[in-house]
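Text of start.txt, listed as compact mmCIF, C-alpha atoms:
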```
# COMPACT_ATOMS: atom_id res chain seq x y z
CA MET K 22 144.41 58.00 152.65
CA GLN K 23 141.04 57.31 154.23
CA ARG K 24 138.53 55.78 151.84
CA ILE K 25 135.29 57.76 151.44
CA VAL K 26 132.18 55.60 151.54
CA ASP K 27 129.25 56.77 149.45
CA PRO K 28 126.15 56.47 151.69
CA GLU K 29 123.88 56.14 148.68
CA SER K 30 125.91 53.21 147.33
CA HIS K 31 125.58 51.61 150.75
CA ALA K 32 121.80 52.04 150.58
CA VAL K 33 121.60 50.61 147.07
CA GLU K 34 123.61 47.56 148.14
CA ALA K 35 121.27 47.03 151.09
CA VAL K 36 118.22 47.09 148.80
CA LEU K 37 119.74 44.69 146.26
CA ALA K 38 120.53 42.30 149.10
CA ASP K 39 116.84 42.24 150.03
CA VAL K 40 114.77 43.12 146.95
CA TRP K 41 111.76 41.26 148.36
CA GLY K 42 111.67 43.70 151.23
CA ALA K 43 109.91 46.11 148.85
CA ARG K 44 106.68 47.75 149.98
CA SER K 45 104.48 50.26 148.19
CA VAL K 46 103.16 53.67 149.00
CA TYR K 47 100.39 55.09 146.85
CA GLN K 48 99.90 58.58 145.43
CA PRO K 49 96.32 59.52 144.55
CA ILE K 50 95.22 60.31 140.99
CA VAL K 51 92.16 62.54 140.77
CA ASP K 52 89.56 63.69 138.31
CA LEU K 53 90.41 67.38 137.84
CA ASP K 54 86.79 68.53 137.64
CA SER K 55 85.52 66.85 140.80
CA ARG K 56 88.87 66.24 142.57
CA VAL K 57 87.53 62.80 143.39
CA VAL K 58 90.23 60.12 143.66
CA VAL K 59 89.97 57.66 140.76
CA GLY K 60 93.23 55.75 141.16
CA TYR K 61 96.62 55.47 142.81
CA GLU K 62 100.16 55.18 141.51
CA ALA K 63 102.18 52.57 143.40
CA LEU K 64 105.70 53.70 144.30
CA ALA K 65 108.31 51.25 145.61
CA ARG K 66 109.94 51.79 148.99
CA TRP K 67 112.16 49.72 151.27
CA PRO K 68 111.27 50.42 154.92
CA ALA K 69 114.63 49.06 156.06
CA VAL K 70 116.43 51.52 153.75
CA PRO K 71 114.42 54.76 153.88
CA GLY K 72 115.16 57.45 151.32
CA VAL K 73 117.05 55.24 148.86
CA ASP K 74 117.07 56.49 145.25
CA VAL K 75 114.83 53.95 143.49
CA GLY K 76 116.05 55.01 140.04
CA ARG K 77 119.62 54.32 141.07
CA VAL K 78 118.60 50.94 142.46
CA PHE K 79 117.11 49.95 139.10
CA ASP K 80 120.15 51.25 137.20
CA GLU K 81 122.47 49.19 139.38
CA ALA K 82 120.22 46.13 139.11
CA ALA K 83 120.22 46.43 135.32
CA GLY K 84 124.01 46.56 135.32
CA ARG K 85 124.15 43.37 137.36
CA GLY K 86 121.49 41.54 135.38
CA VAL K 87 119.06 41.22 138.30
CA VAL K 88 116.48 43.81 137.27
CA ARG K 89 113.85 41.15 136.48
CA GLU K 90 113.66 39.99 140.12
CA LEU K 91 113.68 43.58 141.38
CA ASP K 92 110.93 44.59 138.96
CA TRP K 93 108.66 41.71 139.97
CA ALA K 94 109.29 42.40 143.65
CA CYS K 95 108.04 45.96 143.13
CA ARG K 96 105.07 44.92 141.00
CA LEU K 97 103.89 42.30 143.49
CA ALA K 98 104.40 44.67 146.42
CA ALA K 99 102.08 47.12 144.65
CA LEU K 100 99.43 44.48 143.95
CA SER K 101 99.59 42.83 147.37
CA GLY K 102 99.32 46.22 149.07
CA ALA K 103 96.19 47.00 147.07
CA ALA K 104 94.74 43.56 147.86
CA GLU K 105 95.44 43.88 151.58
CA ALA K 106 93.72 47.28 151.63
CA GLY K 107 90.67 45.78 149.91
CA LEU K 108 90.92 48.30 147.08
CA SER K 109 87.80 48.04 144.96
CA THR K 110 87.78 47.92 141.16
CA GLU K 111 86.33 51.45 141.04
CA TYR K 112 89.95 52.55 141.47
CA SER K 113 92.87 51.91 139.15
CA VAL K 114 96.32 50.98 140.41
CA PHE K 115 99.13 52.38 138.25
CA ILE K 116 102.19 50.11 138.30
CA ASN K 117 105.53 50.86 136.66
CA VAL K 118 106.97 47.97 134.65
CA GLU K 119 110.28 47.31 132.95
CA PRO K 120 109.12 46.01 129.54
CA HIS K 121 112.39 44.32 128.59
CA ASN K 122 111.60 41.73 131.30
CA GLY K 123 109.07 40.33 128.83
CA PRO K 124 105.38 39.50 129.12
CA VAL K 125 105.72 36.09 130.82
CA ILE K 126 104.42 35.95 134.40
CA PRO K 127 106.72 33.84 136.62
CA ASP K 128 105.18 30.97 138.60
CA PHE K 129 105.70 32.72 141.94
CA ALA K 130 103.91 35.81 140.63
CA ARG K 131 101.05 33.76 139.21
CA ARG K 132 100.54 32.00 142.57
CA MET K 133 100.35 35.33 144.38
CA LEU K 134 97.95 36.82 141.85
CA ASP K 135 95.70 33.75 142.07
CA SER K 136 95.56 34.09 145.85
CA PHE K 137 93.88 37.52 145.79
CA ASP K 138 90.24 37.57 146.89
CA ARG K 139 89.17 40.12 144.27
CA PRO K 140 90.45 41.43 140.93
CA ILE K 141 92.55 44.58 140.77
CA ASN K 142 92.08 47.19 138.06
CA VAL K 143 95.65 47.60 136.79
CA VAL K 144 97.20 50.26 134.58
CA ILE K 145 100.77 49.43 133.54
CA GLU K 146 103.07 52.42 133.20
CA LEU K 147 105.82 52.48 130.60
CA THR K 148 108.46 55.19 130.58
CA GLU K 149 109.67 57.06 127.51
CA ARG K 150 113.16 55.65 128.00
CA SER K 151 111.84 52.13 127.34
CA LEU K 152 110.46 53.00 123.92
CA MET K 153 113.62 53.10 121.85
CA SER K 154 115.76 50.32 123.32
CA ASP K 155 113.64 47.29 122.38
CA PRO K 156 110.35 48.34 120.77
CA ALA K 157 109.43 44.87 119.52
CA THR K 158 109.46 43.46 123.07
CA LEU K 159 107.64 46.52 124.36
CA LEU K 160 104.82 46.03 121.85
CA THR K 161 104.57 42.36 122.86
CA VAL K 162 104.29 43.38 126.53
CA VAL K 163 101.60 45.94 125.69
CA ASP K 164 99.56 43.35 123.80
CA ALA K 165 99.95 40.80 126.61
CA ALA K 166 98.88 43.37 129.20
CA ARG K 167 95.77 44.24 127.24
CA ARG K 168 94.86 40.56 126.87
CA LEU K 169 95.02 40.33 130.67
CA GLY K 170 92.59 43.24 130.92
CA CYS K 171 95.15 45.90 131.90
CA SER K 172 95.20 49.42 130.52
CA VAL K 173 98.42 51.08 129.35
CA ALA K 174 99.86 54.45 130.38
CA LEU K 175 102.90 56.16 128.87
CA ASP K 176 104.79 58.05 131.57
CA ASP K 177 106.95 61.21 131.45
CA VAL K 178 105.71 62.28 128.02
CA GLY K 179 107.43 65.52 127.12
CA ALA K 180 110.72 64.76 128.86
CA ASN K 181 112.18 63.77 125.48
CA GLU K 182 110.75 65.52 122.45
CA ALA K 183 111.89 62.90 119.95
CA THR K 184 110.01 59.96 121.48
CA VAL K 185 106.57 61.55 121.11
CA THR K 186 106.41 59.88 117.70
CA MET K 187 106.30 56.50 119.49
CA LEU K 188 102.82 57.32 120.79
CA GLU K 189 101.44 55.85 117.58
CA PHE K 190 103.07 52.48 118.22
CA VAL K 191 102.21 52.05 121.90
CA ALA K 192 98.73 53.58 121.49
CA PRO K 193 98.47 54.32 125.24
CA ASP K 194 95.12 54.57 126.94
CA ILE K 195 96.58 57.25 129.23
CA ILE K 196 99.27 59.82 128.42
CA LYS K 197 101.03 61.10 131.55
CA LEU K 198 102.50 64.54 130.93
CA ASP K 199 105.89 65.15 132.50
CA ARG K 200 105.90 67.62 135.38
CA THR K 201 108.10 70.03 133.38
CA LEU K 202 105.12 70.72 131.10
CA VAL K 203 102.86 71.41 134.07
CA GLN K 204 105.13 73.51 136.25
CA SER K 205 106.28 76.16 133.76
CA ASP K 206 105.17 77.83 130.54
CA PRO K 207 106.24 75.78 127.53
CA SER K 208 109.35 76.36 125.47
CA PRO K 209 108.98 76.14 121.68
CA ALA K 210 110.07 72.49 121.80
CA GLN K 211 107.56 71.74 124.56
CA ALA K 212 104.83 73.53 122.63
CA ARG K 213 105.45 71.09 119.75
CA VAL K 214 105.14 68.18 122.17
CA ILE K 215 101.88 69.55 123.57
CA ALA K 216 100.44 69.99 120.08
CA ALA K 217 101.40 66.43 119.16
CA VAL K 218 99.88 65.00 122.35
CA ARG K 219 96.66 66.93 121.87
CA ALA K 220 96.42 65.76 118.25
CA HIS K 221 97.02 62.16 119.27
CA ALA K 222 94.46 62.31 122.07
CA GLU K 223 91.92 63.95 119.78
CA PHE K 224 92.34 61.19 117.20
CA THR K 225 92.50 58.20 119.57
CA GLY K 226 90.46 59.26 122.59
CA ALA K 227 93.40 58.70 124.95
CA THR K 228 93.11 60.25 128.41
CA ILE K 229 95.64 62.95 129.39
CA LEU K 230 96.98 62.92 132.97
CA ALA K 231 99.10 65.78 134.33
CA GLU K 232 101.86 64.94 136.81
CA GLY K 233 103.49 67.29 139.28
CA VAL K 234 100.40 69.36 140.14
CA GLU K 235 101.54 71.05 143.35
CA ASN K 236 99.50 74.26 143.45
CA GLU K 237 96.53 76.01 141.85
CA GLU K 238 98.71 77.56 139.15
CA HIS K 239 99.87 74.11 138.11
CA LEU K 240 96.26 72.95 138.12
CA ALA K 241 95.23 75.76 135.78
CA ARG K 242 98.08 74.89 133.43
CA ALA K 243 97.13 71.20 133.55
CA ARG K 244 93.62 72.07 132.42
CA ALA K 245 95.01 74.22 129.62
CA LEU K 246 97.08 71.24 128.48
CA GLY K 247 93.89 69.24 128.05
CA ALA K 248 94.39 67.03 131.10
CA THR K 249 91.30 65.53 132.73
CA LEU K 250 93.24 63.66 135.43
CA GLY K 251 95.93 64.95 137.76
CA GLN K 252 98.54 63.77 140.23
CA GLY K 253 100.73 65.75 142.61
CA TRP K 254 101.14 67.17 146.09
CA LEU K 255 98.09 69.40 145.68
CA PHE K 256 95.98 66.24 145.81
CA GLY K 257 98.08 64.10 148.12
CA ARG K 258 101.57 62.78 148.78
CA PRO K 259 102.59 59.12 148.54
CA ALA K 260 101.29 57.24 151.59
CA ALA K 261 99.58 54.04 152.66
CA LEU K 262 96.21 53.38 151.09
CA PRO K 263 93.28 54.70 153.12
CA SER K 264 91.38 52.16 155.19
CA ASP K 265 88.07 52.98 153.50
CA THR K 266 88.36 52.72 149.72
CA SER K 267 84.68 52.29 148.92
CA ARG K 268 83.09 54.97 146.80
CA ARG K 269 79.50 56.20 146.99
CA ARG K 270 77.32 55.38 143.99
CA ASP K 271 76.44 59.04 143.41
CA VAL K 272 80.15 59.84 143.19
CA LEU K 273 80.70 56.96 140.78
CA GLU K 274 77.92 58.18 138.51
CA ARG K 275 79.40 61.64 138.09
CA THR K 276 83.07 60.65 137.96
CA PRO K 277 84.47 59.53 134.59
CA SER K 278 86.45 56.32 134.21
CA VAL K 279 90.23 56.65 134.42
CA VAL K 280 90.50 55.22 130.91
CA SER K 281 88.53 56.55 128.00
CA ARG K 282 86.02 54.06 126.67
CA ARG K 283 87.08 54.85 123.11
CA ARG K 284 90.06 52.64 122.33
CA SER K 285 92.81 53.99 120.08
CA SER K 286 92.50 52.81 116.51
CA ALA K 287 96.27 52.46 116.52
CA GLY K 288 95.83 49.73 119.09
CA SER K 289 93.79 47.57 116.73
CA ALA K 290 95.01 44.29 115.22
CA VAL K 291 98.40 44.54 113.53
CA PRO K 292 98.69 42.90 110.11
CA GLU K 293 101.05 39.95 109.82
CA VAL K 294 102.61 41.68 106.82
CA PRO K 295 101.85 45.17 105.48
CA SER K 296 100.33 43.88 102.23
CA ASP K 297 97.44 42.42 104.25
CA LEU K 298 96.18 46.01 104.14
CA PHE K 299 95.46 45.52 100.44
CA GLU K 300 92.13 44.16 101.66
CA GLU K 301 91.22 47.72 102.65
CA ILE K 302 92.70 49.61 99.67
CA ALA K 303 92.85 47.97 96.27
CA PRO K 304 96.46 48.06 95.05
CA LEU K 305 97.68 49.46 91.76
CA VAL K 306 100.34 47.82 89.59
CA GLY K 307 103.54 49.57 88.58
CA ARG K 308 107.07 48.87 87.40
CA LYS K 309 109.89 49.01 89.92
CA ALA K 310 111.22 52.30 88.55
CA PHE K 311 107.88 53.98 89.24
CA VAL K 312 107.44 52.41 92.68
CA LEU K 313 110.99 53.44 93.55
CA SER K 314 110.14 57.07 92.83
CA MET K 315 107.24 56.83 95.30
CA ALA K 316 109.47 55.30 97.97
CA ARG K 317 112.16 57.94 97.42
CA GLN K 318 109.56 60.68 97.84
CA ILE K 319 108.86 59.49 101.41
CA GLU K 320 112.57 59.22 102.18
CA ASP K 321 113.22 62.68 100.72
CA HIS K 322 110.46 64.14 102.86
CA ALA K 323 112.12 62.58 105.90
CA ARG K 324 115.47 64.11 104.97
CA GLY K 325 113.92 67.58 104.96
CA ALA K 326 111.53 67.16 107.87
CA VAL K 327 112.00 69.39 110.91
CA ASP K 328 109.88 67.31 113.31
CA PRO K 329 111.21 63.89 114.35
CA LEU K 330 110.03 60.85 112.42
CA ILE K 331 110.13 57.09 112.83
CA VAL K 332 111.17 55.53 109.51
CA LEU K 333 110.88 51.76 109.04
CA SER K 334 111.55 50.09 105.70
CA ALA K 335 111.74 46.58 104.27
CA PHE K 336 113.90 45.90 101.20
CA GLN K 337 113.21 42.22 100.40
CA ARG K 338 116.88 41.23 100.30
CA ALA K 339 120.20 42.67 101.41
CA ARG K 340 121.37 43.31 97.86
CA TRP K 341 118.70 45.97 97.45
CA PHE K 342 120.15 47.78 100.48
CA ALA K 343 122.91 48.96 98.18
CA PRO K 344 125.72 51.39 99.11
CA ASN K 345 123.73 54.44 97.98
CA VAL K 346 120.80 53.26 100.15
CA VAL K 347 123.18 52.69 103.07
CA ASP K 348 124.35 56.30 102.79
CA ARG K 349 120.79 57.61 102.53
CA TYR K 350 119.60 55.75 105.62
CA ALA K 351 122.73 56.63 107.59
CA ASP K 352 121.90 60.28 106.90
CA LEU K 353 118.33 59.75 108.11
CA ALA K 354 119.68 58.20 111.32
CA THR K 355 121.50 61.45 112.11
CA LEU K 356 118.27 63.42 111.70
CA HIS K 357 115.63 61.26 113.37
CA PRO K 358 115.35 59.22 116.58
CA PHE K 359 114.54 55.82 115.10
CA ILE K 360 115.41 54.40 111.68
CA ALA K 361 115.20 50.69 110.84
CA ALA K 362 115.73 48.47 107.80
CA LEU K 363 114.57 44.88 107.32
CA GLY K 364 115.46 42.30 104.69
CA VAL K 365 116.80 38.82 104.05
CA GLY K 366 120.48 38.81 104.96
CA LEU K 367 120.57 42.26 106.61
CA PRO K 368 122.82 42.57 109.68
CA ASP K 369 121.88 44.02 113.07
CA GLU K 370 123.15 47.46 112.00
CA PRO K 371 123.00 47.67 108.19
CA ALA K 372 124.05 51.34 108.24
CA PRO K 373 125.49 53.55 110.99
CA GLY K 374 122.75 54.29 113.52
CA VAL K 375 120.18 52.15 111.67
CA ARG K 376 118.48 49.20 113.40
CA GLY K 377 118.37 46.02 111.37
CA ALA K 378 116.39 42.79 111.24
CA ALA K 379 117.01 39.77 109.05
CA LEU K 380 113.95 38.22 107.41
CA ASP K 381 113.54 34.54 106.65
CA ALA K 382 113.75 33.99 102.89
CA THR K 383 110.79 31.61 103.03
CA GLU K 384 108.34 33.98 104.74
CA ARG K 385 105.78 36.09 102.90
CA PHE K 386 107.35 39.33 104.02
CA SER K 387 110.51 38.62 102.02
CA GLY K 388 108.49 39.32 98.88
CA GLU K 389 107.45 42.81 100.03
CA TRP K 390 108.96 46.26 99.76
CA THR K 391 107.72 48.76 102.30
CA VAL K 392 108.68 52.28 103.37
CA THR K 393 106.84 53.89 106.29
CA ALA K 394 107.26 57.26 108.01
CA VAL K 395 105.38 58.13 111.20
CA GLY K 396 105.56 61.55 112.82
CA ARG K 397 103.41 63.94 114.76
CA HIS K 398 101.63 65.32 111.75
CA TYR K 399 103.06 63.29 108.86
CA PHE K 400 102.06 59.74 108.00
CA ALA K 401 103.09 57.99 104.79
CA ALA K 402 103.51 54.41 103.62
CA LEU K 403 104.51 52.79 100.37
CA ILE K 404 103.52 49.12 100.53
CA ALA K 405 104.50 46.97 97.55
CA ARG K 406 104.32 43.25 96.81
CA ASP K 407 106.59 41.66 94.21
CA LEU K 408 104.62 40.01 91.39
CA GLY K 409 107.53 37.67 90.69
CA ASP K 410 108.49 38.72 87.17
CA VAL K 411 111.51 36.88 85.75
CA ASP K 412 113.69 37.41 82.69
CA VAL K 413 112.98 41.17 82.65
CA PRO K 414 115.27 44.10 83.45
CA ASP K 415 115.24 44.93 87.16
CA ALA K 416 113.66 48.34 86.56
CA ASP K 417 110.76 46.64 84.76
CA ARG K 418 109.84 44.21 87.54
CA ARG K 419 106.20 44.76 88.50
CA PHE K 420 104.77 45.31 91.95
CA GLU K 421 101.29 45.61 93.37
CA PHE K 422 101.42 48.70 95.55
CA ILE K 423 99.55 51.33 97.51
CA LEU K 424 100.74 54.76 98.56
CA THR K 425 98.76 55.99 101.54
CA HIS K 426 98.77 58.87 103.99
CA ASP K 427 95.86 57.45 105.98
CA ARG K 428 97.01 57.64 109.60
CA ARG K 429 95.45 54.37 110.69
CA LEU K 430 96.78 52.37 107.75
CA VAL K 431 100.27 53.87 107.96
CA VAL K 432 100.54 53.13 111.68
CA SER K 433 99.26 49.58 111.16
CA ALA K 434 101.92 48.94 108.50
CA ALA K 435 104.65 50.52 110.63
CA ARG K 436 103.68 48.48 113.67
CA SER K 437 103.95 45.32 111.55
CA LEU K 438 107.57 46.24 110.81
CA MET K 439 108.36 47.44 114.33
CA ARG K 440 107.51 44.02 115.76
CA ARG K 441 110.53 42.58 113.95
CA VAL K 442 113.13 45.19 114.88
CA LEU K 443 116.01 43.92 116.98
CA PRO K 444 116.83 45.49 120.36
CA SER K 445 119.51 48.12 120.60
CA ARG K 446 123.00 46.81 121.18
CA GLY K 447 123.68 49.85 123.36
```

Render the structure in this file as structure tokens.
Amino acid sequence: MQRIVDPESHAVEAVLADVWGARSVYQPIVDLDSRVVVGYEALARWPAVPGVDVGRVFDEAAGRGVVRELDWACRLAALSGAAEAGLSTEYSVFINVEPHNGPVIPDFARRMLDSFDRPINVVIELTERSLMSDPATLLTVVDAARRLGCSVALDDVGANEATVTMLEFVAPDIIKLDRTLVQSDPSPAQARVIAAVRAHAEFTGATILAEGVENEEHLARARALGATLGQGWLFGRPAALPSDTSRRRDVLERTPSVVSRRRSSAGSAVPEVPSDLFEEIAPLVGRKAFVLSMARQIEDHARGAVDPLIVLSAFQRARWFAPNVVDRYADLATLHPFIAALGVGLPDEPAPGVRGAALDATERFSGEWTVTAVGRHYFAALIARDLGDVDVPDADRRFEFILTHDRRLVVSAARSLMRRVLPSRG
């Protein structure tokens, strides 16, 4: 029997044999009011292998453990193309990154970046699929990017309803709406996503960018979604950067910046441990039995919630993650997209579907008990610190604690926990 050769597999193999042959084309991003170009998204291409499926290339590279080299080849192709075109800092260059590659810049990349004659205004794009696999690394990458002066965009928002709750953790400067939201009237599930995005943008000042704008009908829908920036064939297809990328001063004065000047409060400093927030709200003191009832109230709300939640909890030590708690959190994992438990001696998966993280018994956090729930419209945190009572019944142990529904404080506490969560084993 004659063997059938898959042409696409052939193309993928050719790319992986020459990842540094990557070049970028650039699709314009425009201000919807003026239709003035304010930035470009860099898209990887391999001239020697035209038409190859880039997504499939990255999937294959991930399977072979070579995605880091491929990712940097694409990033540097995007930056070098912008530098060669003399792109001015009035424009932003949107560059897709694979966050699990980590925030460290390799020596070869640093040498190339240092060789550029002028700075480049970079927006890193993270996809929704990267949010759940290794959130701790993703948050580290986001912080490192911001320290380098980059802005952060979250791509394809709306493609997966459950991950909208992760907006609070990434705190993107730009939210890129998936083309499915722009190109058709919303389903009930999509309407919930739109409402959550609008609420987040209203609270944080994040900029909304609509992808897939291909005609005037799509443009009208993009405006209705609250987008101020747009991208799609109506404004231009991916191509080489234009030779003249200077912008007249009068155009600059009437064209808003790609990134809102108002930074998300969720992107502010993350406390080392949640109890550091006691500096903002004076804690009360209660016995364990009382504090437990407050923690259970948050967990019970999560069990009955219709909208997806992120639930992150710390239990001091593994013995407090008792069999009845295991069952309760396993149930939550069947209802919500991301559930995690932290504590001294906890394994990687302390309950089915629950992410785990072991704490060091000598660190401050091991003396804290925290339950946080973050959703689209629901924010709750119970933050408690053990007062160290001895020779008393367990139910009578005292804790300093706060119970808060303040969005900023809840997200800050939850981000403190999220930084410690281990990557998915899947």

Next item on the list: Quote the spacing between atom CA of K:Glu105 and atom CA of K:Ala63 in Å to one decimal place.
Entry: 13.7 Å

Next item on the list: For K:Met133, please output as number ranges by chain all residues within 10 Å (counting all atoms listed in the file; exclusion window: fewer than 4 positions along the same chain).
Entry: K: 97, 100-101, 128-129, 137

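The shell of residues at most 9 Å from stretch 409-415 of chain K, with only C-alpha atoms counted and near chain neighbours (fewer than 3 positions) removed, consists of Lys309, Ala310, Gly388, Arg406, Arg418, Arg419 and Phe420 of chain K.
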
Next item on the list: Identify, on the basis of only C-alpha atoms, every residue whose closest approach to stretch 113-115 of chain K does not exceed 7 Å; exclude the query and any residue fewer than 2 positions from it along the same chain; express the result as JSON, numbers by chain.
Entry: {"K": [59, 60, 61, 62, 63, 110, 111, 117, 142, 143, 144, 145, 146]}

Next item on the list: Pick out the residues sitting within 12 Å of K:Asp352, and hand them over as a PyMOL selection string; count all atoms listed in the file, and ignore anything fewer than 2 positions along from it in its own chain.
Entry: chain K and resi 320-321+323-325+345-350+354-360+372-375

Next item on the list: For atom CA of K:Ser433 and atom CA of K:Pro292, determine how far apart the two atoms are, in Å to one decimal place.
Entry: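 Result for atom CA of K:Ser433 versus atom CA of K:Pro292: 6.8 Å, one decimal.
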
Margin query: So that I can check the surroundings of stretch 32-36 of chain K, please list as a ChimeraX atom specification every protein, DNA and RNA residue that reaches within 9 Å of it, counting only C-alpha atoms and ignoring chain neighbours fewer than 4 positions away.
Written below: /K:27-28,40-43,67,69-75,77-78,81

Item checked: Pairwise distance for atom CA of K:Ile302 and atom CA of K:Arg436, rounded to one decimal in Å ->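 Atom-to-atom, atom CA of K:Ile302 and atom CA of K:Arg436 are spaced 17.8 Å apart.
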
Note to self: Taking all atoms listed in the file into account, name the residue in K:Gly102, K:Gly396, K:Ala405, K:Ser264 that is nearest to K:Met187.
What the structure shows: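 Selected residue with least distance to K:Met187: K:Gly396.
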
Item checked: Closest of K:Ala343, K:Val306, K:Val332, K:Leu37 to K:Met439 - atom-to-atom distances counting all atoms listed in the file ->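 Closest to K:Met439, using all atoms listed in the file: K:Val332.
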
Item checked: Nearest-residue call for K:Ala157, choices K:Ala99, K:Val191, K:Ala180, K:Ala248, using only C-alpha atoms ->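 Nearest to K:Ala157: K:Val191.
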
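Distance annotation: of K:Ala316, K:Pro156, K:Pro127, K:Ala165, the residue with the minimal separation from K:Thr425 is K:Ala316; atom set is all atoms listed in the file.
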
Notebook entry, point to check: For the point (96.3, 70.0, 143.7) in file coordinates, what residues are within 8 Å, counting all atoms listed in the file? Give the answer as a PyMOL selection string?
Noted result: chain K and resi 234-237+239-240+251-257

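If you measure from each of K:Ala192, K:Val58, K:Ala220, K:Val279 to K:Arg167 using only C-alpha atoms, the closest one turns out to be K:Ala192.
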